[in-house]
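Trainee: First the structure, which I've put down as structure tokens, then a few questions once you've had a look.
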Amino acid sequence: MISRLKQSISKLATAPYCQKSSIPSKYFFSAGNTNLFSSLASTSAAKEFSLKTPTGHIAGKVWNEEAPVAVLCLHGLLDNAGSFDRLVPLLPDHLCCVAIDLPGHGWSSHNPPGTSRPVLHYVIPVGRVIRHFGWKQVIMIGHSMGGVIGMFYAGTKPAAVHSLITIDLVKPIHCHPNDMPQSTAKSLDNLFLNEHQLLHTKRPSYTYDDLLEHALEGHNGNLDKTQIKVLMQRGAEKLPDGRYSFTHSLNEKLPRIVSLSLEQVLAFTACLHCRMMIFKAKDGPIYEDQKYVDAAIEVYRQASTEFEYHSIPGDHHVHLSRPETLMPYIARFLSLDAVPCNNIGDNGGSLVTKGLLNTNELCSHL
């Protein structure tokens with residue numbers, strides 16, 4: 001496997017954003033340097049953190065905090081930061097990967113019961129994390145809904161995003177304006193039903209084995225039990241009576257009250273002036289007619305500074321079930337000669353390390 005990876009990654013050139021002399025030599029690789037590849041298949045311990053926000057806290061984990069290039073990892077709907085546990089340890093050592101639990105997921109705070117917020121709203125906690133760590137430009141990897149959030153953030157703050165990688169997400173789903181009233185009515189009814197259930201019934205609980213079975217069914221059989229257990233490390237909690245419950249908020253299962261039209265979606269994507277790489281899993285779900293997907297891809301090709309699209313074998317959670325499939329592409333796309341060393345502060349120290357020392361400060365930056 002290692003020999004194949006060597007062939008798939010080009011020889012390192014001088015990084016345009018960093019002084020080579022300021023970066024430890026272990027982060028550089030060439031055809032004759034195998035130190036990097038010896039660590040690619042190794043496991044890497046992650047450090048947990050929790051950032052205070054005006055609405056609660058954002059939990060997350062970080063690998064390789066002192067590495068020069070920081071990457072923000074955003075998971076999909078009803079998943080959590082553990083979604084990247086099998087991919088990140090395979091990535092090159094010059095990458096510091098920060099994965100967060102989005103609000104309502106994993107170990108992060110829940111939104112109030114009976115609330116349904118549009119996906120676009122998630123740019124707020126993402127912006128808080130970026131500001132907290134002080135990254136002048138951010139590099140993001142987003143799976144599914146995390147890819148949507150990454151696109152919306154990059155469309156909102158084009159100058160702040162250098163590179164964006166999405167996994168099994170080509171474009172945000174849109175809603176035709178004529179369908180919005182009916183869609184909103186359905187979402188409203190579901191919201192009130194959910195609110196009543198939260199206030200008047202106990203949260204569902206299971207034996208651990210039953211919880212795993214429910215999780216397997218929820219992922220449509222795309223993950224095996226070992227992979228589900230990776231997600232359940234932060235996706236489940238043990239209750240005082242010995243049973244288990246999912247940690248995600250039931251609000252997150254509600255249909256979104258507010259949807260965007262195709263014109264609105266394309267307006268955001270037209271502002272994606274960053275490097276882009278899109279992975280589409282061959283066995284992943286198809287959400288929309290291909291003509292809309294093709295239209296979005298054409299927008300990306302025109303708007304982005306660099307664009308790659310890869311159709312790869314695997315299912316929707318390919319980064320968890322077959323991470324070795326993605327790794328060579330990501331390692332090349334995020335090589336030191338292609339991305340800024342955004343984790344090096346003015347004093348030469350790690351911005352992530354500095355941010356982890358200040359987690360008790362309110363992450364608002366108002």
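Order determines the names: the first chain of the structure tokens is A, the second B, and so forth; residues in each chain are numbered 1 upward, and ligands are numbered 1 upward as they are shown.
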From the DSSP assignment of the backbone, select every residue of stretch 82-251 of chain A that is helix (DSSP H, G or I), and format the answer as a VMD selection string.
Mentor: chain A and resid 82 to 84 88 to 90 119 to 133 145 to 156 158 to 160 177 to 200 208 to 218 225 to 235 250 to 251
Trainee: So that each row is one residue of stretch 258-366 of chain A with an atom at most 10 Å from stretch 176-180 of chain A, can you give its shortest atom pair and the distance in Å to one decimal, using only C-alpha atoms, rows by chain and rising number, as CSV?
Mentor:
```
residue,atom,partner,partner_atom,distance
A:Val258,CA,A:Met180,CA,8.1
A:Ser259,CA,A:Met180,CA,7.2
A:Leu260,CA,A:His176,CA,8.0
A:Ser261,CA,A:His176,CA,5.5
A:Leu262,CA,A:His176,CA,7.0
A:Glu263,CA,A:His176,CA,9.4
```
Trainee: Distance atom CA of A:Thr207-atom CA of A:Glu237, one decimal place?
Mentor: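 About the pair atom CA of A:Thr207 and atom CA of A:Glu237: they are 11.1 Å apart.
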Trainee: For each of A:Val126, A:Ala159, A:Cys96, A:Ala303, take the minimum atom-to-atom distance to A:Gly146, counting only C-alpha atoms, then give the residue where this is smallest.
Mentor: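 Smallest separation from A:Gly146 among the options: A:Val126.
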Trainee: Taking a cut-off of 10 Å and counting only C-alpha atoms, can you build a table that, for each residue of stretch 162-220 of chain A near stretch 108-125 of chain A, reports the nearest atom pair and how far apart they are in Å (one decimal), sorted by chain then residue number, as JSON lines?
Mentor:
```
{"residue": "A:Pro172", "atom": "CA", "partner": "A:Val119", "partner_atom": "CA", "distance": 9.4}
{"residue": "A:Ser187", "atom": "CA", "partner": "A:Ser116", "partner_atom": "CA", "distance": 8.5}
{"residue": "A:Leu188", "atom": "CA", "partner": "A:Ser116", "partner_atom": "CA", "distance": 8.9}
{"residue": "A:Asn190", "atom": "CA", "partner": "A:Gly114", "partner_atom": "CA", "distance": 9.3}
{"residue": "A:Leu191", "atom": "CA", "partner": "A:Gly114", "partner_atom": "CA", "distance": 5.7}
{"residue": "A:Phe192", "atom": "CA", "partner": "A:Gly114", "partner_atom": "CA", "distance": 6.6}
{"residue": "A:Leu193", "atom": "CA", "partner": "A:Gly114", "partner_atom": "CA", "distance": 8.5}
{"residue": "A:Asn194", "atom": "CA", "partner": "A:Gly114", "partner_atom": "CA", "distance": 6.3}
{"residue": "A:Glu195", "atom": "CA", "partner": "A:Gly114", "partner_atom": "CA", "distance": 4.4}
{"residue": "A:His196", "atom": "CA", "partner": "A:Gly114", "partner_atom": "CA", "distance": 8.1}
{"residue": "A:Gln197", "atom": "CA", "partner": "A:Gly114", "partner_atom": "CA", "distance": 9.4}
{"residue": "A:Leu198", "atom": "CA", "partner": "A:Pro113", "partner_atom": "CA", "distance": 6.9}
{"residue": "A:Leu199", "atom": "CA", "partner": "A:Pro113", "partner_atom": "CA", "distance": 8.1}
```
